[in-house]
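Data from start.tsv: TSV, C-alpha atoms and all ligand atoms
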chain	number	residue	atom	x	y	z
G	54	MET	CA	0.00	0.00	0.00
G	55	ASN	CA	1.32	3.44	-0.90
G	56	LEU	CA	1.08	5.55	2.19
G	57	THR	CA	2.27	8.71	0.55
G	58	THR	CA	-1.19	9.13	-0.96
G	59	ALA	CA	-3.61	11.29	0.99
G	60	SER	CA	-5.28	9.29	3.73
G	61	PRO	CA	-8.83	10.02	4.86
G	62	ILE	CA	-7.85	9.31	8.46
G	63	SER	CA	-7.58	12.35	10.70
G	64	VAL	CA	-4.93	11.95	13.36
G	65	GLN	CA	-4.96	13.52	16.80
G	66	LYS	CA	-1.71	12.66	18.55
G	67	ILE	CA	-1.34	12.14	22.27
G	68	GLU	CA	0.38	15.06	24.03
G	69	LYS	CA	2.61	12.89	26.14
G	70	SER	CA	3.07	9.16	25.65
G	71	LYS	CA	2.11	6.88	28.57
G	72	ILE	CA	4.80	4.38	27.62
G	73	ASP	CA	7.17	5.33	30.46
G	74	GLN	CA	4.53	4.29	33.01
G	75	VAL	CA	4.33	0.73	31.65
G	76	ASP	CA	6.28	-2.13	33.18
G	77	PHE	CA	6.93	-4.18	30.05
G	78	ASP	CA	8.42	-7.02	32.13
G	79	ASN	CA	5.21	-7.61	34.04
G	80	LEU	CA	2.39	-7.27	31.56
G	81	VAL	CA	-0.92	-8.97	32.20
G	82	PHE	CA	-2.29	-10.08	28.82
G	83	GLY	CA	-4.80	-7.62	27.37
G	84	SER	CA	-4.89	-5.11	30.21
G	85	THR	CA	-2.55	-2.30	29.10
G	86	PHE	CA	-3.28	-0.27	25.97
G	87	SER	CA	-1.03	1.75	23.70
G	88	ASP	CA	-1.27	5.51	23.21
G	89	HIS	CA	-3.61	5.62	20.22
G	90	MET	CA	-6.77	3.99	18.93
G	91	PHE	CA	-8.67	4.04	15.66
G	92	GLU	CA	-12.34	4.85	15.43
G	93	CYS	CA	-14.74	5.03	12.47
G	94	ASP	CA	-18.52	5.36	12.51
G	95	TYR	CA	-21.10	3.92	10.17
G	96	VAL	CA	-23.81	6.55	9.78
G	97	ASN	CA	-26.37	7.09	7.00
G	98	GLY	CA	-25.23	4.02	5.15
G	99	ALA	CA	-21.50	4.82	5.01
G	100	TRP	CA	-18.34	4.48	7.08
G	101	GLN	CA	-17.40	8.05	7.98
G	102	SER	CA	-14.87	10.25	9.76
G	103	PRO	CA	-12.07	7.72	10.36
G	104	THR	CA	-9.99	9.07	13.22
G	105	ILE	CA	-6.95	8.12	15.24
G	106	ARG	CA	-6.93	9.65	18.69
G	107	PRO	CA	-5.50	8.99	22.14
G	108	TYR	CA	-6.81	5.75	23.68
G	109	GLY	CA	-9.64	6.64	26.03
G	110	PRO	CA	-13.27	6.16	27.02
G	111	LEU	CA	-16.21	6.30	24.62
G	112	SER	CA	-19.45	8.05	25.24
G	113	ILE	CA	-22.25	5.68	24.30
G	114	GLU	CA	-25.88	5.82	25.41
G	115	PRO	CA	-27.25	2.95	27.51
G	116	ALA	CA	-29.81	2.22	24.78
G	117	ALA	CA	-27.09	1.34	22.24
G	118	LYS	CA	-28.01	-1.98	20.64
G	119	VAL	CA	-24.68	-3.63	21.40
G	120	PHE	CA	-25.60	-3.67	25.10
G	121	HIS	CA	-28.94	-5.36	24.49
G	122	TYR	CA	-28.47	-7.70	21.54
G	123	GLY	CA	-24.73	-8.31	21.46
G	124	GLN	CA	-24.40	-7.19	17.87
G	125	ALA	CA	-20.61	-7.15	17.97
G	126	VAL	CA	-17.69	-8.90	16.29
G	127	PHE	CA	-13.94	-8.72	16.77
G	128	GLU	CA	-10.54	-9.90	15.59
G	129	GLY	CA	-7.23	-10.75	17.22
G	130	MET	CA	-3.88	-10.22	15.53
G	131	LYS	CA	-0.34	-9.29	16.53
G	132	ALA	CA	2.53	-7.03	15.48
G	133	TYR	CA	6.11	-8.32	15.84
G	134	LYS	CA	9.41	-6.41	15.77
G	135	ASP	CA	12.68	-7.80	14.47
G	136	ASP	CA	16.10	-6.85	15.85
G	137	ASN	CA	16.44	-4.10	13.23
G	138	GLY	CA	13.28	-2.37	14.41
G	139	ASN	CA	11.09	-3.48	11.50
G	140	VAL	CA	7.47	-4.14	12.42
G	141	PHE	CA	5.52	-7.01	10.84
G	142	LEU	CA	2.03	-8.41	10.87
G	143	PHE	CA	1.25	-12.07	10.16
G	144	ARG	CA	-1.23	-12.75	7.35
G	145	PRO	CA	-3.35	-9.65	8.16
G	146	ASN	CA	-5.49	-10.14	5.07
G	147	GLN	CA	-6.94	-13.20	6.77
G	148	ASN	CA	-8.09	-11.11	9.73
G	149	MET	CA	-9.51	-8.44	7.49
G	150	GLU	CA	-11.47	-10.98	5.49
G	151	ARG	CA	-12.60	-12.78	8.63
G	152	ILE	CA	-13.93	-9.68	10.40
G	153	ASN	CA	-15.99	-8.89	7.34
G	154	LYS	CA	-17.26	-12.46	7.19
G	155	SER	CA	-18.17	-12.25	10.88
G	156	SER	CA	-19.85	-8.88	10.30
G	157	LYS	CA	-21.94	-10.23	7.45
G	158	ARG	CA	-23.24	-13.06	9.64
G	159	LEU	CA	-24.20	-10.55	12.36
G	160	ALA	CA	-25.92	-8.19	9.85
G	161	ILE	CA	-23.17	-5.61	10.33
G	162	PRO	CA	-21.95	-3.67	7.27
G	163	GLU	CA	-18.53	-4.76	6.02
G	164	PHE	CA	-15.55	-2.47	6.55
G	165	PRO	CA	-13.46	-1.22	3.58
G	166	PRO	CA	-10.22	-3.25	3.43
G	167	GLU	CA	-8.10	-0.25	2.29
G	168	LEU	CA	-9.23	1.73	5.32
G	169	PHE	CA	-8.51	-1.23	7.62
G	170	PHE	CA	-4.92	-1.42	6.32
G	171	ASP	CA	-4.48	2.37	6.32
G	172	ALA	CA	-5.57	2.45	9.97
G	173	LEU	CA	-3.20	-0.39	10.91
G	174	HIS	CA	-0.26	1.30	9.19
G	175	LYS	CA	-0.91	4.64	10.82
G	176	LEU	CA	-1.53	3.24	14.28
G	177	LEU	CA	1.55	1.04	14.17
G	178	LYS	CA	3.73	3.87	12.92
G	179	LEU	CA	2.50	6.12	15.72
G	180	ASP	CA	2.79	3.47	18.41
G	181	SER	CA	5.79	1.55	17.06
G	182	ASP	CA	7.68	1.97	20.38
G	183	TRP	CA	4.96	-0.18	21.95
G	184	VAL	CA	6.08	-3.14	19.82
G	185	LYS	CA	9.08	-4.39	21.76
G	186	PRO	CA	11.77	-6.45	20.03
G	187	GLY	CA	12.62	-9.88	21.39
G	188	ILE	CA	11.02	-13.24	20.71
G	189	GLY	CA	7.66	-13.47	22.43
G	190	ASN	CA	7.11	-9.72	22.74
G	191	THR	CA	4.19	-8.53	20.64
G	192	LEU	CA	1.62	-5.81	20.31
G	193	TYR	CA	-1.75	-7.55	20.36
G	194	ILE	CA	-4.19	-5.82	18.01
G	195	ARG	CA	-7.91	-5.92	18.65
G	196	PRO	CA	-10.14	-4.63	15.83
G	197	PHE	CA	-13.84	-4.75	16.70
G	198	VAL	CA	-17.24	-3.48	15.63
G	199	ILE	CA	-20.19	-2.60	17.86
G	200	ALA	CA	-23.79	-1.58	17.15
G	201	THR	CA	-24.30	1.97	18.40
G	202	GLN	CA	-27.85	2.89	17.38
G	203	ASN	CA	-29.96	3.87	20.36
G	204	GLY	CA	-33.12	1.85	20.78
G	205	VAL	CA	-34.09	-1.38	22.42
G	206	SER	CA	-36.09	-2.82	19.54
G	207	ALA	CA	-34.66	-6.19	18.53
G	208	SER	CA	-33.53	-5.32	15.03
G	209	PRO	CA	-30.16	-4.61	13.43
G	210	SER	CA	-28.59	-1.28	14.26
G	211	ASP	CA	-28.29	1.43	11.61
G	212	ARG	CA	-25.15	2.83	13.27
G	213	TYR	CA	-21.89	1.08	14.11
G	214	LYS	CA	-18.48	1.90	15.45
G	215	PHE	CA	-15.38	0.15	14.08
G	216	MET	CA	-12.36	0.44	16.35
G	217	ILE	CA	-8.82	-0.82	16.69
G	218	ILE	CA	-7.09	-0.86	20.06
G	219	MET	CA	-3.65	-2.32	20.78
G	220	SER	CA	-2.17	-3.96	23.85
G	221	PRO	CA	1.48	-4.88	24.47
G	222	ALA	CA	1.99	-8.54	25.37
G	223	GLN	CA	4.83	-10.76	26.47
G	224	ALA	CA	5.48	-14.38	25.58
G	225	TYR	CA	2.37	-16.19	26.58
G	226	TYR	CA	3.22	-19.28	28.60
G	227	THR	CA	0.14	-21.40	28.96
G	228	GLY	CA	1.98	-23.81	31.22
G	229	ASP	CA	0.46	-27.20	31.76
G	230	VAL	CA	-2.86	-27.08	29.88
G	231	LYS	CA	-5.40	-29.70	30.88
G	232	VAL	CA	-8.66	-29.81	28.99
G	233	VAL	CA	-12.14	-31.23	29.45
G	234	ILE	CA	-14.00	-32.76	26.51
G	235	ALA	CA	-17.45	-31.18	26.47
G	236	GLU	CA	-20.40	-33.39	27.27
G	237	ASN	CA	-23.17	-31.13	28.50
G	238	TYR	CA	-22.68	-27.76	26.87
G	239	SER	CA	-22.11	-26.70	23.27
G	240	ARG	CA	-20.22	-23.77	21.83
G	241	ALA	CA	-21.90	-23.64	18.45
G	242	ALA	CA	-24.63	-25.30	16.41
G	243	ASP	CA	-25.27	-25.89	12.74
G	244	GLY	CA	-26.68	-22.75	11.19
G	245	GLY	CA	-25.45	-20.67	14.13
G	246	VAL	CA	-22.59	-18.19	14.51
G	247	GLY	CA	-19.75	-20.52	15.52
G	248	ALA	CA	-17.67	-19.65	12.46
G	249	ALA	CA	-17.95	-15.92	13.26
G	250	LYS	CA	-15.86	-14.12	15.85
G	251	ALA	CA	-19.04	-12.91	17.46
G	252	ALA	CA	-18.71	-11.48	20.98
G	253	GLY	CA	-21.57	-13.65	22.27
G	254	ASN	CA	-19.76	-16.88	21.35
G	255	TYR	CA	-17.22	-16.09	24.04
G	256	ALA	CA	-19.70	-15.02	26.71
G	257	ALA	CA	-21.53	-18.32	26.21
G	258	GLN	CA	-18.35	-20.28	26.98
G	259	PHE	CA	-17.51	-18.55	30.25
G	260	TYR	CA	-19.86	-20.57	32.47
G	261	PRO	CA	-18.91	-24.07	31.22
G	262	THR	CA	-15.24	-23.02	31.24
G	263	ASN	CA	-15.62	-21.91	34.87
G	264	LEU	CA	-17.02	-25.36	35.70
G	265	ALA	CA	-14.00	-26.95	34.00
G	266	ARG	CA	-11.67	-24.67	36.00
G	267	GLU	CA	-13.32	-25.65	39.25
G	268	ALA	CA	-12.55	-29.26	38.32
G	269	GLY	CA	-8.87	-28.40	37.71
G	270	TYR	CA	-8.88	-27.93	33.92
G	271	GLN	CA	-8.07	-24.77	31.97
G	272	GLN	CA	-10.05	-25.20	28.77
G	273	VAL	CA	-12.93	-27.07	27.21
G	274	ILE	CA	-12.62	-28.89	23.90
G	275	TRP	CA	-16.01	-28.51	22.32
G	276	THR	CA	-17.77	-31.39	20.63
G	277	ASP	CA	-20.42	-31.20	17.92
G	278	SER	CA	-23.76	-30.05	19.28
G	279	ASN	CA	-25.76	-32.78	17.52
G	280	GLU	CA	-24.20	-35.92	18.95
G	281	GLU	CA	-21.32	-34.72	21.14
G	282	LYS	CA	-19.20	-37.36	19.43
G	283	HIS	CA	-16.82	-35.28	17.35
G	284	LEU	CA	-14.03	-33.05	18.61
G	285	GLU	CA	-14.18	-29.51	17.26
G	286	GLU	CA	-12.16	-26.68	18.84
G	287	ALA	CA	-11.26	-25.05	22.15
G	288	GLY	CA	-12.31	-21.68	23.61
G	289	THR	CA	-9.95	-19.51	21.58
G	290	MET	CA	-7.94	-22.16	19.77
G	291	ASN	CA	-8.28	-24.76	17.06
G	292	VAL	CA	-7.11	-28.20	18.14
G	293	PHE	CA	-4.71	-30.74	16.62
G	294	PHE	CA	-4.21	-34.38	17.63
G	295	ARG	CA	-1.13	-36.42	16.78
G	296	ILE	CA	-1.70	-40.15	16.49
G	297	ASN	CA	1.65	-41.83	15.92
G	298	ASP	CA	3.10	-39.49	13.28
G	299	THR	CA	-0.17	-38.35	11.70
G	300	LEU	CA	-1.69	-35.01	12.56
G	301	LEU	CA	-5.47	-34.68	12.71
G	302	THR	CA	-7.63	-31.59	12.94
G	303	ALA	CA	-11.36	-31.05	12.51
G	304	PRO	CA	-12.44	-29.58	9.18
G	305	THR	CA	-13.70	-26.02	9.29
G	306	SER	CA	-17.46	-25.77	9.24
G	307	GLU	CA	-20.18	-23.33	10.20
G	308	ARG	CA	-19.47	-24.26	13.83
G	309	ILE	CA	-15.70	-23.73	13.85
G	310	LEU	CA	-13.57	-20.61	13.59
G	311	ASP	CA	-11.30	-20.79	10.55
G	312	GLY	CA	-8.10	-20.01	12.47
G	313	VAL	CA	-5.15	-18.31	10.82
G	314	THR	CA	-2.72	-20.30	12.99
G	315	ARG	CA	-4.60	-23.52	12.12
G	316	LYS	CA	-4.26	-23.02	8.39
G	317	SER	CA	-0.61	-22.00	8.80
G	318	VAL	CA	0.17	-25.16	10.81
G	319	ILE	CA	-1.54	-27.29	8.14
G	320	GLN	CA	0.68	-25.68	5.50
G	321	LEU	CA	3.83	-26.07	7.63
G	322	ALA	CA	2.99	-29.75	8.19
G	323	LYS	CA	2.63	-30.25	4.44
G	324	ASP	CA	5.91	-28.41	3.86
G	325	ALA	CA	7.62	-30.76	6.32
G	326	GLY	CA	6.09	-33.89	4.77
G	327	ILE	CA	4.04	-34.60	7.92
G	328	GLN	CA	0.84	-36.55	7.23
G	329	ILE	CA	-2.09	-34.25	7.95
G	330	GLN	CA	-5.76	-35.15	7.87
G	331	GLU	CA	-8.54	-32.57	8.05
G	332	ARG	CA	-11.47	-34.77	8.96
G	333	LYS	CA	-14.06	-35.46	11.59
G	334	ILE	CA	-12.37	-36.81	14.70
G	335	THR	CA	-14.37	-38.88	17.14
G	336	VAL	CA	-13.91	-38.71	20.89
G	337	LYS	CA	-13.93	-42.50	20.79
G	338	GLU	CA	-10.87	-42.77	18.56
G	339	ILE	CA	-8.91	-40.29	20.68
G	340	VAL	CA	-9.78	-42.16	23.89
G	341	GLU	CA	-8.75	-45.43	22.22
G	342	ALA	CA	-5.52	-43.87	20.98
G	343	ALA	CA	-4.81	-42.57	24.49
G	344	ASN	CA	-5.41	-46.06	25.88
G	345	ASN	CA	-3.22	-47.88	23.35
G	346	GLY	CA	-0.39	-45.32	23.49
G	347	SER	CA	-0.69	-44.07	19.89
G	348	LEU	CA	-1.91	-40.62	20.98
G	349	LYS	CA	1.33	-38.65	21.18
G	350	GLU	CA	0.23	-35.02	21.34
G	351	ILE	CA	-2.72	-32.68	21.52
G	352	PHE	CA	-2.15	-28.97	21.00
G	353	GLY	CA	-4.19	-25.84	20.46
G	354	THR	CA	-3.37	-23.19	17.86
G	355	GLY	CA	-4.29	-19.52	18.03
G	356	THR	CA	-2.89	-16.02	17.73
G	357	ALA	CA	-2.64	-15.39	21.48
G	358	ALA	CA	-0.63	-18.45	22.57
G	359	VAL	CA	0.63	-19.53	19.09
G	360	ILE	CA	0.76	-23.23	20.02
G	361	SER	CA	-0.42	-24.52	23.35
G	362	PRO	CA	0.45	-28.15	24.19
G	363	VAL	CA	-2.14	-30.09	26.17
G	364	SER	CA	-0.82	-32.32	28.93
G	365	ALA	CA	-4.02	-34.19	29.81
G	366	PHE	CA	-7.70	-34.41	28.96
G	367	SER	CA	-10.73	-35.52	30.86
G	368	TYR	CA	-13.70	-37.37	29.40
G	369	GLN	CA	-16.59	-38.89	31.31
G	370	LYS	CA	-14.79	-37.99	34.52
G	371	LYS	CA	-11.72	-40.03	33.60
G	372	GLU	CA	-8.36	-38.33	33.07
G	373	TYR	CA	-6.00	-39.33	30.27
G	374	ILE	CA	-2.41	-38.10	30.55
G	375	LEU	CA	-0.37	-37.44	27.44
G	376	PRO	CA	3.25	-38.55	27.22
G	377	PRO	CA	5.70	-35.66	27.75
G	378	GLN	CA	7.20	-34.55	24.41
G	379	GLU	CA	10.58	-32.88	24.40
G	380	ASN	CA	10.72	-32.43	20.64
G	381	GLY	CA	7.18	-32.88	19.50
G	382	PHE	CA	5.21	-31.35	16.66
G	383	ALA	CA	3.90	-28.59	18.94
G	384	LYS	CA	7.41	-27.35	19.63
G	385	LYS	CA	8.41	-27.55	15.97
G	386	PHE	CA	5.38	-25.61	14.70
G	387	LYS	CA	5.73	-22.98	17.41
G	388	SER	CA	9.32	-22.28	16.48
G	389	ASP	CA	8.59	-22.42	12.72
G	390	LEU	CA	5.79	-19.89	13.13
G	391	MET	CA	7.70	-17.56	15.42
G	392	ASN	CA	10.74	-17.60	13.15
G	393	ILE	CA	8.54	-16.38	10.31
G	394	GLN	CA	6.73	-13.85	12.50
G	395	TYR	CA	9.98	-12.32	13.82
G	396	ASN	CA	11.71	-12.22	10.42
G	397	LEU	CA	14.19	-14.91	11.42
G	398	SER	CA	13.51	-17.34	8.60
G	399	GLU	CA	12.56	-17.46	4.97
G	400	ASP	CA	8.92	-16.59	4.36
G	401	LYS	CA	8.18	-18.79	1.40
G	402	HIS	CA	4.40	-18.36	1.55
G	403	GLY	CA	4.48	-14.57	1.84
G	404	TRP	CA	2.86	-14.51	5.30
G	405	ARG	CA	4.91	-11.63	6.73
G	406	TYR	CA	3.52	-8.16	6.09
G	407	GLN	CA	5.88	-5.30	6.80
G	408	ILE	CA	4.54	-2.05	8.19
V	1	LIG	C1	-12.97	-19.84	18.83
V	1	LIG	C2	-11.61	-19.67	18.29
V	1	LIG	N1	-11.04	-20.70	17.63
V	1	LIG	C3	-9.80	-20.59	17.11
V	1	LIG	C4	-9.06	-19.42	17.23
V	1	LIG	C5	-7.70	-19.32	16.63
V	1	LIG	O1	-7.73	-18.47	15.52
V	1	LIG	P1	-6.42	-17.69	15.04
V	1	LIG	O2	-5.39	-18.73	14.78
V	1	LIG	O3	-6.85	-16.99	13.80
V	1	LIG	O4	-6.04	-16.77	16.14
V	1	LIG	C6	-9.62	-18.34	17.92
V	1	LIG	C7	-8.85	-17.08	18.08
V	1	LIG	O5	-8.98	-16.20	17.30
V	1	LIG	C8	-10.92	-18.46	18.45
V	1	LIG	O6	-11.47	-17.44	19.10

Write the structure described by the file as structure tokens, please.
Ligand SMILES: Cc1ncc(COP(=O)(O)O)c(C=O)c1O
Amino acid sequence: MNLTTASPISVQKIEKSKIDQVDFDNLVFGSTFSDHMFECDYVNGAWQSPTIRPYGPLSIEPAAKVFHYGQAVFEGMKAYKDDNGNVFLFRPNQNMERINKSSKRLAIPEFPPELFFDALHKLLKLDSDWVKPGIGNTLYIRPFVIATQNGVSASPSDRYKFMIIMSPAQAYYTGDVKVVIAENYSRAADGGVGAAKAAGNYAAQFYPTNLAREAGYQQVIWTDSNEEKHLEEAGTMNVFFRINDTLLTAPTSERILDGVTRKSVIQLAKDAGIQIQERKITVKEIVEAANNGSLKEIFGTGTAAVISPVSAFSYQKKEYILPPQENGFAKKFKSDLMNIQYNLSEDKHGWRYQI
């Protein structure tokens, strides 16, 4: 994109950066925000007045539809800095396309891709000091859209706000992740909004995830809502299973989020000649594989944690422990991905996007 052309975005810079007040060695994920944010309103049938201004509160009336009907979608992406100070995004087109796909499903008008990229460039140039170099340091980027029309009638809003906020993050160590295979609750159903990054999908998971936590597990692996026989995905991650040396992951569907990390891992597996099957995976076959020792690894994939190895799963109140893997697939894919993200390796698929 040629940024020397006139941009429609008006920029109001912060008077004094807050960066000196931030302890970058002790960040809590998603709780500190950079100096600037992007804001653009949909009014009278058009996205208008794109603005970058200092991060701060919004003034929204209590009747705004987002508060009543949850008409809201979001994205999650990251900026990475190499040792020469260059800032990169990872496959940002995928996020842009996905937020518009999510919007369409929630009856929200799509956002112009050029403006999305213009906003990202400008924000990241302004706040580039917030992207710290060093493997694991990132600036997490949260684009989102909310319905802002006032009125509690249950109908789509005629006004929206598209925003981008950014939050510095450190390497995200998930530690020992133990998961529960869902039996009583579902995340998504056929014909529903599971494939969209709709805010309500996440709210609906909090209660069953709390129950899992109380039982000593960190995440739920959701099963299909029809029969609860097939393994689908986790709260904010797609899931892979390694049986012997074959990798399995559920196919994307209208119930599953089409993860950027998922599709990148599938490509990296193909590049490395690892057998990969995108197919329905039954709980039964995974339990059998755990029992006969052929289940070697389970790991989640997602922007926040990159790759998160699972150490044990519980099903029908029985716990199955996975064998420890010093040099497993999870470790390989994590380092392959991070090497691309931090400009440390060849980028043969053109996934890096320099700001
Ligand atoms: C439900 C769900 N599944 C999977 C993912 C992983 O997607 P990605 O790799 O694009 O971050 C996410 C996170 O965005 C998610 O929220």

I'd like the neighbourhood of range 336-340 of chain G as an mmCIF file with C-alpha atoms, in the frame of the given file, where a residue qualifies if any of its atoms comes within 8 Å (using all atoms listed in the file), though same-chain residues fewer than 5 positions away should be ignored.
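The resulting file, selection_10.cif, is shown below:
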data_model
loop_
_atom_site.group_PDB
_atom_site.id
_atom_site.type_symbol
_atom_site.label_atom_id
_atom_site.label_comp_id
_atom_site.auth_asym_id
_atom_site.auth_seq_id
_atom_site.Cartn_x
_atom_site.Cartn_y
_atom_site.Cartn_z
ATOM 1 C CA LYS G 282 -19.200 -37.360 19.430
ATOM 2 C CA HIS G 283 -16.820 -35.280 17.350
ATOM 3 C CA LEU G 284 -14.030 -33.050 18.610
ATOM 4 C CA LEU G 348 -1.910 -40.620 20.980
ATOM 5 C CA TYR G 373 -6.000 -39.330 30.270
#

Could you list, with a cut-off of 7 Å and counting all atoms listed in the file, the residues of chain G near ligand LIG 1 (chain V), each shown with its nearest atom pair and the distance in Å rounded to one decimal, rows sorted by chain and ascending number, as JSON lines?
{"residue": "G:Glu128", "atom": "CA", "partner": "V:LIG1", "partner_atom": "O5", "distance": 6.7}
{"residue": "G:Gly129", "atom": "CA", "partner": "V:LIG1", "partner_atom": "O5", "distance": 5.7}
{"residue": "G:Met130", "atom": "CA", "partner": "V:LIG1", "partner_atom": "O4", "distance": 6.9}
{"residue": "G:Lys250", "atom": "CA", "partner": "V:LIG1", "partner_atom": "O6", "distance": 6.4}
{"residue": "G:Glu286", "atom": "CA", "partner": "V:LIG1", "partner_atom": "N1", "distance": 6.2}
{"residue": "G:Ala287", "atom": "CA", "partner": "V:LIG1", "partner_atom": "N1", "distance": 6.3}
{"residue": "G:Gly288", "atom": "CA", "partner": "V:LIG1", "partner_atom": "C1", "distance": 5.2}
{"residue": "G:Thr289", "atom": "CA", "partner": "V:LIG1", "partner_atom": "C8", "distance": 3.4}
{"residue": "G:Met290", "atom": "CA", "partner": "V:LIG1", "partner_atom": "C3", "distance": 3.6}
{"residue": "G:Asn291", "atom": "CA", "partner": "V:LIG1", "partner_atom": "C3", "distance": 4.4}
{"residue": "G:Ile309", "atom": "CA", "partner": "V:LIG1", "partner_atom": "N1", "distance": 6.7}
{"residue": "G:Leu310", "atom": "CA", "partner": "V:LIG1", "partner_atom": "N1", "distance": 4.8}
{"residue": "G:Asp311", "atom": "CA", "partner": "V:LIG1", "partner_atom": "O1", "distance": 6.5}
{"residue": "G:Gly312", "atom": "CA", "partner": "V:LIG1", "partner_atom": "O1", "distance": 3.4}
{"residue": "G:Val313", "atom": "CA", "partner": "V:LIG1", "partner_atom": "O3", "distance": 3.7}
{"residue": "G:Thr314", "atom": "CA", "partner": "V:LIG1", "partner_atom": "O2", "distance": 3.6}
{"residue": "G:Arg315", "atom": "CA", "partner": "V:LIG1", "partner_atom": "O2", "distance": 5.5}
{"residue": "G:Thr354", "atom": "CA", "partner": "V:LIG1", "partner_atom": "O2", "distance": 5.8}
{"residue": "G:Gly355", "atom": "CA", "partner": "V:LIG1", "partner_atom": "O2", "distance": 3.5}
{"residue": "G:Thr356", "atom": "CA", "partner": "V:LIG1", "partner_atom": "O4", "distance": 3.6}
{"residue": "G:Ala357", "atom": "CA", "partner": "V:LIG1", "partner_atom": "O4", "distance": 6.5}

(request) Give the answer as one residue: which of G:Asp76, G:Glu281, G:Gly138, G:Gln394 has the shortest atom-to-atom distance to Ala235 in chain G, using only C-alpha atoms? (result) G:Glu281

(message) Could you tell me how far CA of Leu176 in chain G sits from CA of Ile408 in chain G, in Å to one decimal place?
(response) 10.1 Å

(message) Within 12 Å of (8.9, 2.1, 18.8) in the file's own coordinates, which protein, DNA or RNA residues have an atom, counting all atoms listed in the file? List them as JSON, numbers by chain.
(response) {"G": [70, 72, 87, 88, 132, 133, 134, 135, 136, 137, 138, 139, 140, 176, 177, 178, 179, 180, 181, 182, 183, 184, 185, 186, 191, 192, 221]}

(request) Using only C-alpha atoms, find the one residue out of G:Lys175, G:Ala257, G:Arg144, G:Ser206 that sits nearest to Leu390 in chain G. (result) G:Arg144

(request) Identify, on the basis of all atoms listed in the file, every residue whose closest approach to range 317-323 of chain G does not exceed 10 Å; exclude the query and any residue fewer than 6 positions from it along the same chain; express the result as a VMD selection string. (result) chain G and resid 144 293 299 to 302 329 to 331 354 360 382 to 383 385 to 387 389 to 390 402 404

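One distance worth recording is that between CA of Pro103 in chain G and CA of Glu163 in chain G, which is 14.7 Å.
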
(request) List every protein, DNA or RNA residue with an atom no more than 8 Å from (-26.8, -20.8, 7.5) in the file's coordinates, counting all atoms listed in the file, and format the result as number ranges by chain. (result) G: 243-245, 307

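Restricting the calculation to all atoms listed in the file, the smallest distance between Ile218 in chain G and any of G:Thr85, G:Ser155, G:Asn190, G:Thr276 is found for G:Thr85.
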
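Residue nearest Asn297 in chain G, chosen from G:Gln258, G:Asn263, G:Asn345, G:Asn146 and counting only C-alpha atoms: G:Asn345.
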
(message) Report, in Å with one decimal, the straight-line distance from CA of Tyr225 in chain G to CA of Gly189 in chain G.
(response) 7.3 Å

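With all atoms listed in the file as the basis for measurement, G:Val75 is the residue among G:Val75, G:Ile393, G:Val246, G:Ile199 that approaches Ser220 in chain G most closely.
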
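Here the question is which of G:Glu350, G:Glu150, G:Glu285, G:Asp73 gets nearest to Ile334 in chain G using all atoms listed in the file, and that residue is G:Glu285.
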
Return as JSON the box centre and box size in Å, one decimal, for an axis-aligned box around all listed atoms of range 394-401 of chain G padded by 8 Å per side.
{"center_x": 10.5, "center_y": -15.5, "center_z": 7.6, "size_x": 23.5, "size_y": 22.6, "size_z": 28.4}

(request) Quick one: everything within 10 Å of Leu168 in chain G, counting only C-alpha atoms, minus sequence neighbours fewer than 3 positions away in the same chain. Send it as a VMD selection string. (result) chain G and resid 60 to 62 93 100 103 164 to 165 171 to 174

Since the input is missing atoms for range 395-401 of chain G, could you rebuild it with N, CA, C and O atoms and give the result as a PDB file, keeping the file's coordinate frame?
ATOM      1  N   TYR G 395       8.937 -13.260  13.374  1.00  0.00           N
ATOM      2  CA  TYR G 395       9.980 -12.320  13.820  1.00  0.00           C
ATOM      3  C   TYR G 395      11.073 -12.107  12.768  1.00  0.00           C
ATOM      4  O   TYR G 395      12.162 -11.636  13.098  1.00  0.00           O
ATOM      5  N   ASN G 396      10.768 -12.483  11.525  1.00  0.00           N
ATOM      6  CA  ASN G 396      11.710 -12.220  10.420  1.00  0.00           C
ATOM      7  C   ASN G 396      13.046 -12.935  10.621  1.00  0.00           C
ATOM      8  O   ASN G 396      14.097 -12.387  10.310  1.00  0.00           O
ATOM      9  N   LEU G 397      12.961 -14.157  11.166  1.00  0.00           N
ATOM     10  CA  LEU G 397      14.190 -14.910  11.420  1.00  0.00           C
ATOM     11  C   LEU G 397      14.371 -16.049  10.416  1.00  0.00           C
ATOM     12  O   LEU G 397      15.373 -16.746  10.459  1.00  0.00           O
ATOM     13  N   SER G 398      13.367 -16.251   9.572  1.00  0.00           N
ATOM     14  CA  SER G 398      13.510 -17.340   8.600  1.00  0.00           C
ATOM     15  C   SER G 398      12.875 -16.920   7.284  1.00  0.00           C
ATOM     16  O   SER G 398      12.156 -15.911   7.213  1.00  0.00           O
ATOM     17  N   GLU G 399      13.129 -17.730   6.293  1.00  0.00           N
ATOM     18  CA  GLU G 399      12.560 -17.460   4.970  1.00  0.00           C
ATOM     19  C   GLU G 399      11.031 -17.502   5.086  1.00  0.00           C
ATOM     20  O   GLU G 399      10.489 -18.282   5.870  1.00  0.00           O
ATOM     21  N   ASP G 400      10.377 -16.676   4.300  1.00  0.00           N
ATOM     22  CA  ASP G 400       8.920 -16.590   4.360  1.00  0.00           C
ATOM     23  C   ASP G 400       8.375 -17.047   3.005  1.00  0.00           C
ATOM     24  O   ASP G 400       7.923 -16.236   2.208  1.00  0.00           O
ATOM     25  N   LYS G 401       8.432 -18.359   2.775  1.00  0.00           N
ATOM     26  CA  LYS G 401       8.180 -18.790   1.400  1.00  0.00           C
ATOM     27  C   LYS G 401       6.718 -18.680   0.977  1.00  0.00           C
ATOM     28  O   LYS G 401       6.420 -18.716  -0.207  1.00  0.00           O
TER      29      LYS G 401
END
